[in-house]
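Novice: Provided herewith is a single structure, encoded as structure tokens, for subsequent inquiry.
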Amino acid sequence: MFSISNFIITVFLDFMSASFEKSSLLPLFKLSNSISAFSHFTFELSVGLLSLVTLLTTLELINRFKSDSWINYFKSIKQTFNLRRFMGQSERSGKIVETQKVTIFNPINEKFNRAVRKSCIDVKNGEILVFIKIPRTQQTQKILKELEAQIKEEISSQNPEYIFSNFERHHNQLWLQGTKRK
């Protein structure tokens, strides 16, 4: 996503640089050179980041192919997105202020959702590991504690061939481990 936005910024800066070069004003020409240099830098940065993401994904797929199934990599991605969507809190309240409707978001839910976005599921042939970052505030931790049984049930229903242990807390992390039935 960052690479795409960098590419769009690069195209925009190149357009601005070209329009400044057509101008006869000397200060605008200097600004044009600065914009062109910045544009070149952002383009190289986006290519480098895109290459890094491609390299890391390729290495992960090769590692999965050697020791596991690459299909489990895509299962991990799919189940991670499903878990994040399942855990997300979306309570909104509307308020009318001077004939305009204003939507107010609950700050506790925003903090909870920020922690939920760091959740991850790793599916392997013999086991499944579920990582959930524990939010910092007491109110958000209360929401997570109320959801624990539902989270375990949701993950169990997606993976019926696995048996799951209880949640284990390590510092600000919550782990759930599942082993394959024999």
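Every chain in the structure tokens has a letter given in the order shown (A, B, ...), and although residue numbers restart at 1 in each chain, ligands are simply numbered from 1 in the order shown.
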As a list in words, please: the residues near segment 178-182 of chain A (cut-off 6 Å, only C-alpha atoms, same-chain neighbours under 6 positions excluded).

Specialist: Gly126, Glu127, Ile128, Glu161, Tyr162, Ile163 and Phe164 of chain A

Novice: Only N, CA, C and O atoms, please: the residues just picked out, written as a CSV table (one decimal), in the first residue's frame.

Specialist:
chain,number,residue,atom,x,y,z
A,126,GLY,N,1.0,-29.7,11.8
A,126,GLY,CA,0.7,-30.3,13.0
A,126,GLY,C,0.1,-29.4,14.1
A,126,GLY,O,-0.4,-29.9,15.1
A,127,GLU,N,0.2,-28.1,13.9
A,127,GLU,CA,-0.3,-27.2,14.9
A,127,GLU,C,-0.8,-25.8,14.4
A,127,GLU,O,-0.5,-25.5,13.2
A,128,ILE,N,-1.5,-25.2,15.2
A,128,ILE,CA,-2.0,-23.8,14.9
A,128,ILE,C,-1.7,-22.9,16.1
A,128,ILE,O,-1.9,-23.3,17.2
A,161,GLU,N,-10.4,-30.1,12.8
A,161,GLU,CA,-9.4,-31.2,12.9
A,161,GLU,C,-8.3,-31.0,14.0
A,161,GLU,O,-7.4,-31.7,14.2
A,162,TYR,N,-8.5,-29.8,14.7
A,162,TYR,CA,-7.5,-29.4,15.7
A,162,TYR,C,-8.2,-29.3,17.1
A,162,TYR,O,-9.3,-29.0,17.2
A,163,ILE,N,-7.4,-29.7,18.1
A,163,ILE,CA,-7.8,-29.5,19.5
A,163,ILE,C,-7.1,-28.3,20.1
A,163,ILE,O,-5.9,-28.3,20.0
A,164,PHE,N,-7.8,-27.4,20.7
A,164,PHE,CA,-7.2,-26.2,21.2
A,164,PHE,C,-7.1,-26.2,22.7
A,164,PHE,O,-8.0,-26.7,23.4

Novice: For segment 108-115 of chain A, find every residue with an atom within 9 Å (counting only C-alpha atoms), except residues of its own chain fewer than 2 positions away, and show them as a count of residues only.

Specialist: 22

Novice: Nearest residue to Thr57 of chain A out of A:Phe38, A:Phe43, A:Tyr73, A:Phe167, using only C-alpha atoms?

Specialist: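 With only C-alpha atoms as the atom set, the closest residue is A:Tyr73.
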
Novice: How far is it from atom CA of Leu52 of chain A to atom CA of Lys78 of chain A, in Å with one decimal?

Specialist: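 Taking atom CA of Leu52 of chain A as the start and atom CA of Lys78 of chain A as the end point, the length is 22.1 Å.
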
Novice: Taking only C-alpha atoms into account, which of A:Gln150, A:Asn159, A:Ser39, A:Thr54 comes nearest Phe86 of chain A?

Specialist: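 Under the stated criterion, the closest residue is A:Gln150.
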
Novice: Between atom CA of Asn72 of chain A and atom CA of Glu154 of chain A, what is the distance, to one decimal in Å?

Specialist: 18.1 Å

Novice: To one decimal place, how far is atom CA of Gln177 of chain A from atom CA of Ile155 of chain A in Å?

Specialist: 10.6 Å

Novice: Taking only segment 11-180 of chain A into account, list the residues labelled helix (DSSP H, G or I) by DSSP (computed from the backbone), as a CSV table (one decimal) with N, CA and C atoms, in the first residue's frame.

Specialist:
chain,number,residue,atom,x,y,z
A,11,VAL,N,4.4,10.4,-9.5
A,11,VAL,CA,3.8,10.8,-10.7
A,11,VAL,C,3.3,12.3,-10.6
A,12,PHE,N,2.7,12.6,-9.4
A,12,PHE,CA,2.2,14.0,-9.2
A,12,PHE,C,3.4,14.9,-9.1
A,13,LEU,N,4.5,14.6,-8.4
A,13,LEU,CA,5.7,15.4,-8.3
A,13,LEU,C,6.3,15.6,-9.7
A,14,ASP,N,6.4,14.6,-10.5
A,14,ASP,CA,7.0,14.7,-11.9
A,14,ASP,C,6.1,15.7,-12.7
A,15,PHE,N,4.8,15.6,-12.6
A,15,PHE,CA,3.9,16.5,-13.3
A,15,PHE,C,4.2,18.0,-12.8
A,16,MET,N,4.3,18.2,-11.5
A,16,MET,CA,4.6,19.5,-11.0
A,16,MET,C,5.9,20.0,-11.5
A,17,SER,N,6.9,19.1,-11.5
A,17,SER,CA,8.3,19.5,-11.9
A,17,SER,C,8.2,19.9,-13.4
A,18,ALA,N,7.5,19.2,-14.2
A,18,ALA,CA,7.4,19.5,-15.7
A,18,ALA,C,6.7,20.8,-15.9
A,19,SER,N,5.7,21.1,-15.1
A,19,SER,CA,5.0,22.4,-15.3
A,19,SER,C,5.8,23.6,-14.8
A,20,PHE,N,6.7,23.4,-13.8
A,20,PHE,CA,7.5,24.4,-13.3
A,20,PHE,C,8.7,24.7,-14.3
A,21,GLU,N,9.1,23.7,-15.0
A,21,GLU,CA,10.2,23.9,-16.0
A,21,GLU,C,9.8,24.7,-17.1
A,26,LEU,N,12.9,32.0,-12.4
A,26,LEU,CA,14.0,31.3,-11.9
A,26,LEU,C,13.8,30.6,-10.6
A,27,PRO,N,13.1,31.2,-9.6
A,27,PRO,CA,12.8,30.5,-8.4
A,27,PRO,C,12.0,29.3,-8.5
A,28,LEU,N,11.1,29.3,-9.5
A,28,LEU,CA,10.2,28.2,-9.7
A,28,LEU,C,11.1,27.1,-10.4
A,29,PHE,N,12.1,27.4,-11.1
A,29,PHE,CA,13.0,26.4,-11.7
A,29,PHE,C,13.8,25.7,-10.7
A,30,LYS,N,14.2,26.5,-9.7
A,30,LYS,CA,15.0,25.8,-8.6
A,30,LYS,C,14.1,24.9,-7.8
A,31,LEU,N,12.8,25.4,-7.6
A,31,LEU,CA,11.8,24.5,-6.9
A,31,LEU,C,11.5,23.3,-7.7
A,32,SER,N,11.6,23.4,-9.0
A,32,SER,CA,11.3,22.3,-9.9
A,32,SER,C,12.4,21.3,-9.8
A,33,ASN,N,13.7,21.7,-9.6
A,33,ASN,CA,14.8,20.8,-9.4
A,33,ASN,C,14.7,20.0,-8.1
A,34,SER,N,14.2,20.7,-7.1
A,34,SER,CA,14.1,20.1,-5.8
A,34,SER,C,12.9,19.1,-5.8
A,35,ILE,N,11.8,19.4,-6.4
A,35,ILE,CA,10.7,18.5,-6.6
A,35,ILE,C,11.1,17.3,-7.4
A,36,SER,N,11.9,17.5,-8.4
A,36,SER,CA,12.3,16.4,-9.3
A,36,SER,C,13.2,15.4,-8.5
A,37,ALA,N,14.1,16.0,-7.7
A,37,ALA,CA,15.0,15.1,-6.9
A,37,ALA,C,14.2,14.4,-5.8
A,38,PHE,N,13.2,15.0,-5.2
A,38,PHE,CA,12.4,14.3,-4.2
A,38,PHE,C,11.6,13.3,-4.9
A,39,SER,N,11.1,13.6,-6.0
A,39,SER,CA,10.3,12.6,-6.8
A,39,SER,C,11.1,11.3,-7.1
A,40,HIS,N,12.3,11.6,-7.5
A,40,HIS,CA,13.2,10.4,-7.9
A,40,HIS,C,13.5,9.6,-6.6
A,41,PHE,N,13.7,10.3,-5.5
A,41,PHE,CA,14.0,9.6,-4.2
A,41,PHE,C,12.8,8.7,-3.8
A,42,THR,N,11.5,9.3,-3.9
A,42,THR,CA,10.4,8.5,-3.5
A,42,THR,C,10.1,7.3,-4.4
A,43,PHE,N,10.4,7.5,-5.7
A,43,PHE,CA,10.3,6.4,-6.6
A,43,PHE,C,11.2,5.3,-6.3
A,44,GLU,N,12.5,5.6,-6.0
A,44,GLU,CA,13.5,4.6,-5.7
A,44,GLU,C,13.1,3.9,-4.3
A,45,LEU,N,12.6,4.7,-3.4
A,45,LEU,CA,12.2,4.1,-2.1
A,45,LEU,C,11.0,3.1,-2.3
A,46,SER,N,10.0,3.5,-3.1
A,46,SER,CA,8.9,2.6,-3.4
A,46,SER,C,9.3,1.3,-4.1
A,47,VAL,N,10.2,1.4,-5.0
A,47,VAL,CA,10.7,0.2,-5.7
A,47,VAL,C,11.5,-0.7,-4.7
A,48,GLY,N,12.3,-0.1,-3.9
A,48,GLY,CA,13.0,-0.8,-2.9
A,48,GLY,C,12.1,-1.5,-1.9
A,49,LEU,N,11.1,-0.8,-1.4
A,49,LEU,CA,10.2,-1.4,-0.5
A,49,LEU,C,9.4,-2.6,-1.1
A,50,LEU,N,8.9,-2.3,-2.3
A,50,LEU,CA,8.2,-3.4,-3.0
A,50,LEU,C,9.1,-4.6,-3.3
A,51,SER,N,10.4,-4.4,-3.6
A,51,SER,CA,11.3,-5.5,-3.8
A,51,SER,C,11.5,-6.3,-2.5
A,52,LEU,N,11.6,-5.5,-1.3
A,52,LEU,CA,11.8,-6.2,0.0
A,52,LEU,C,10.6,-7.0,0.3
A,53,VAL,N,9.4,-6.5,0.1
A,53,VAL,CA,8.1,-7.3,0.4
A,53,VAL,C,8.1,-8.5,-0.5
A,54,THR,N,8.4,-8.4,-1.7
A,54,THR,CA,8.4,-9.5,-2.6
A,54,THR,C,9.5,-10.6,-2.2
A,55,LEU,N,10.7,-10.1,-1.8
A,55,LEU,CA,11.7,-11.0,-1.4
A,55,LEU,C,11.3,-11.8,-0.1
A,56,LEU,N,10.7,-11.1,0.9
A,56,LEU,CA,10.3,-11.7,2.1
A,56,LEU,C,9.2,-12.7,1.9
A,57,THR,N,8.2,-12.4,1.1
A,57,THR,CA,7.1,-13.3,0.8
A,57,THR,C,7.6,-14.5,0.1
A,58,THR,N,8.6,-14.3,-0.9
A,58,THR,CA,9.1,-15.5,-1.6
A,58,THR,C,9.9,-16.4,-0.6
A,59,LEU,N,10.7,-15.8,0.3
A,59,LEU,CA,11.4,-16.6,1.3
A,59,LEU,C,10.5,-17.4,2.2
A,60,GLU,N,9.4,-16.8,2.6
A,60,GLU,CA,8.4,-17.4,3.4
A,60,GLU,C,7.8,-18.6,2.7
A,61,LEU,N,7.4,-18.4,1.4
A,61,LEU,CA,6.8,-19.5,0.6
A,61,LEU,C,7.8,-20.6,0.4
A,62,ILE,N,9.1,-20.3,0.2
A,62,ILE,CA,10.1,-21.4,0.0
A,62,ILE,C,10.2,-22.1,1.3
A,63,ASN,N,10.3,-21.4,2.4
A,63,ASN,CA,10.4,-22.1,3.7
A,63,ASN,C,9.2,-23.0,4.0
A,64,ARG,N,8.0,-22.5,3.7
A,64,ARG,CA,6.8,-23.3,3.9
A,64,ARG,C,6.8,-24.5,2.9
A,65,PHE,N,7.3,-24.3,1.7
A,65,PHE,CA,7.3,-25.4,0.8
A,65,PHE,C,8.3,-26.5,1.3
A,66,LYS,N,9.4,-26.1,1.9
A,66,LYS,CA,10.4,-27.1,2.4
A,66,LYS,C,9.9,-27.9,3.6
A,67,SER,N,9.3,-27.1,4.6
A,67,SER,CA,9.0,-27.8,5.9
A,67,SER,C,7.5,-28.0,6.1
A,70,TRP,N,2.6,-24.9,1.4
A,70,TRP,CA,2.4,-23.5,1.1
A,70,TRP,C,0.9,-23.1,1.1
A,71,ILE,N,0.1,-24.1,1.0
A,71,ILE,CA,-1.4,-23.8,1.2
A,71,ILE,C,-1.7,-23.4,2.6
A,72,ASN,N,-0.9,-23.9,3.6
A,72,ASN,CA,-1.1,-23.4,4.9
A,72,ASN,C,-0.8,-22.0,5.1
A,73,TYR,N,0.1,-21.4,4.3
A,73,TYR,CA,0.5,-20.0,4.4
A,73,TYR,C,-0.7,-19.2,4.0
A,74,PHE,N,-1.4,-19.6,2.9
A,74,PHE,CA,-2.6,-18.8,2.5
A,74,PHE,C,-3.8,-19.1,3.5
A,75,LYS,N,-3.8,-20.2,4.1
A,75,LYS,CA,-4.8,-20.5,5.2
A,75,LYS,C,-4.6,-19.5,6.3
A,76,SER,N,-3.3,-19.4,6.7
A,76,SER,CA,-3.0,-18.5,7.8
A,76,SER,C,-3.4,-17.0,7.5
A,77,ILE,N,-3.2,-16.6,6.3
A,77,ILE,CA,-3.6,-15.2,5.9
A,77,ILE,C,-5.1,-15.1,6.0
A,78,LYS,N,-5.8,-16.0,5.4
A,78,LYS,CA,-7.3,-16.0,5.4
A,78,LYS,C,-7.8,-16.0,6.8
A,79,GLN,N,-7.3,-16.9,7.6
A,79,GLN,CA,-7.9,-17.0,9.0
A,79,GLN,C,-7.5,-15.8,9.8
A,80,THR,N,-6.3,-15.2,9.6
A,80,THR,CA,-6.0,-14.0,10.3
A,80,THR,C,-6.9,-12.9,10.0
A,81,PHE,N,-7.3,-12.7,8.7
A,81,PHE,CA,-8.2,-11.6,8.3
A,81,PHE,C,-9.6,-11.9,8.9
A,82,ASN,N,-10.0,-13.2,8.9
A,82,ASN,CA,-11.3,-13.6,9.5
A,82,ASN,C,-11.3,-13.3,11.0
A,83,LEU,N,-10.2,-13.6,11.7
A,83,LEU,CA,-10.2,-13.4,13.1
A,83,LEU,C,-10.2,-11.9,13.4
A,84,ARG,N,-9.5,-11.1,12.7
A,84,ARG,CA,-9.5,-9.6,12.9
A,84,ARG,C,-10.9,-9.1,12.6
A,85,ARG,N,-11.6,-9.5,11.6
A,85,ARG,CA,-12.9,-9.0,11.3
A,85,ARG,C,-13.9,-9.5,12.4
A,86,PHE,N,-13.7,-10.7,12.9
A,86,PHE,CA,-14.6,-11.2,13.9
A,86,PHE,C,-14.4,-10.5,15.2
A,87,MET,N,-13.2,-10.1,15.6
A,87,MET,CA,-13.0,-9.5,16.9
A,87,MET,C,-13.2,-8.0,16.8
A,107,PRO,N,-13.9,5.8,21.9
A,107,PRO,CA,-12.4,5.7,21.9
A,107,PRO,C,-11.9,4.4,22.5
A,108,ILE,N,-12.7,3.7,23.3
A,108,ILE,CA,-12.3,2.4,23.9
A,108,ILE,C,-12.3,1.4,22.8
A,109,ASN,N,-13.3,1.4,21.9
A,109,ASN,CA,-13.4,0.5,20.8
A,109,ASN,C,-12.2,0.7,19.8
A,110,GLU,N,-11.9,2.0,19.6
A,110,GLU,CA,-10.8,2.3,18.7
A,110,GLU,C,-9.5,1.7,19.3
A,111,LYS,N,-9.2,1.8,20.6
A,111,LYS,CA,-8.0,1.3,21.2
A,111,LYS,C,-8.1,-0.2,21.1
A,112,PHE,N,-9.2,-0.8,21.3
A,112,PHE,CA,-9.3,-2.3,21.2
A,112,PHE,C,-9.1,-2.7,19.8
A,113,ASN,N,-9.6,-2.0,18.8
A,113,ASN,CA,-9.4,-2.4,17.4
A,113,ASN,C,-8.0,-2.2,17.0
A,114,ARG,N,-7.3,-1.3,17.5
A,114,ARG,CA,-5.9,-1.1,17.2
A,114,ARG,C,-5.1,-2.3,17.7
A,115,ALA,N,-5.4,-2.8,18.8
A,115,ALA,CA,-4.7,-4.0,19.3
A,115,ALA,C,-5.1,-5.3,18.5
A,116,VAL,N,-6.4,-5.3,18.1
A,116,VAL,CA,-6.9,-6.5,17.3
A,116,VAL,C,-6.2,-6.6,16.0
A,138,GLN,N,-7.6,-1.1,31.0
A,138,GLN,CA,-8.4,-2.1,31.7
A,138,GLN,C,-9.8,-2.3,31.0
A,139,GLN,N,-10.4,-1.3,30.4
A,139,GLN,CA,-11.7,-1.4,29.8
A,139,GLN,C,-11.5,-2.3,28.5
A,140,THR,N,-10.5,-2.1,27.7
A,140,THR,CA,-10.3,-2.8,26.5
A,140,THR,C,-9.9,-4.3,26.8
A,141,GLN,N,-9.2,-4.5,27.9
A,141,GLN,CA,-8.9,-5.9,28.3
A,141,GLN,C,-10.2,-6.6,28.8
A,142,LYS,N,-11.1,-5.8,29.3
A,142,LYS,CA,-12.4,-6.4,29.7
A,142,LYS,C,-13.1,-6.9,28.5
A,143,ILE,N,-13.1,-6.1,27.4
A,143,ILE,CA,-13.8,-6.5,26.2
A,143,ILE,C,-13.2,-7.8,25.7
A,144,LEU,N,-11.8,-7.9,25.7
A,144,LEU,CA,-11.1,-9.1,25.2
A,144,LEU,C,-11.4,-10.3,26.1
A,145,LYS,N,-11.5,-10.1,27.4
A,145,LYS,CA,-11.8,-11.2,28.3
A,145,LYS,C,-13.2,-11.8,28.0
A,146,GLU,N,-14.1,-10.9,27.7
A,146,GLU,CA,-15.5,-11.3,27.4
A,146,GLU,C,-15.6,-12.1,26.1
A,147,LEU,N,-14.7,-11.8,25.2
A,147,LEU,CA,-14.7,-12.4,23.8
A,147,LEU,C,-13.9,-13.7,23.8
A,148,GLU,N,-13.1,-14.0,24.8
A,148,GLU,CA,-12.2,-15.2,24.7
A,148,GLU,C,-12.9,-16.5,24.3
A,149,ALA,N,-14.0,-16.8,25.0
A,149,ALA,CA,-14.7,-18.1,24.7
A,149,ALA,C,-15.2,-18.0,23.2
A,150,GLN,N,-15.7,-16.9,22.8
A,150,GLN,CA,-16.2,-16.8,21.4
A,150,GLN,C,-15.1,-16.9,20.4
A,151,ILE,N,-14.0,-16.3,20.7
A,151,ILE,CA,-12.8,-16.4,19.8
A,151,ILE,C,-12.4,-17.9,19.7
A,152,LYS,N,-12.3,-18.6,20.8
A,152,LYS,CA,-11.9,-20.0,20.8
A,152,LYS,C,-12.9,-20.8,20.0
A,153,GLU,N,-14.1,-20.5,20.1
A,153,GLU,CA,-15.2,-21.3,19.4
A,153,GLU,C,-15.1,-21.0,17.9
A,154,GLU,N,-14.9,-19.7,17.5
A,154,GLU,CA,-14.7,-19.3,16.1
A,154,GLU,C,-13.6,-20.0,15.5
A,155,ILE,N,-12.4,-20.0,16.1
A,155,ILE,CA,-11.2,-20.7,15.6
A,155,ILE,C,-11.4,-22.2,15.5
A,156,SER,N,-12.0,-22.8,16.5
A,156,SER,CA,-12.3,-24.2,16.5
A,156,SER,C,-13.2,-24.6,15.4
A,157,SER,N,-14.2,-23.8,15.1
A,157,SER,CA,-15.2,-24.1,14.0
A,157,SER,C,-14.5,-24.0,12.6
A,158,GLN,N,-13.5,-23.1,12.5
A,158,GLN,CA,-12.8,-23.0,11.2
A,158,GLN,C,-11.8,-24.2,11.1
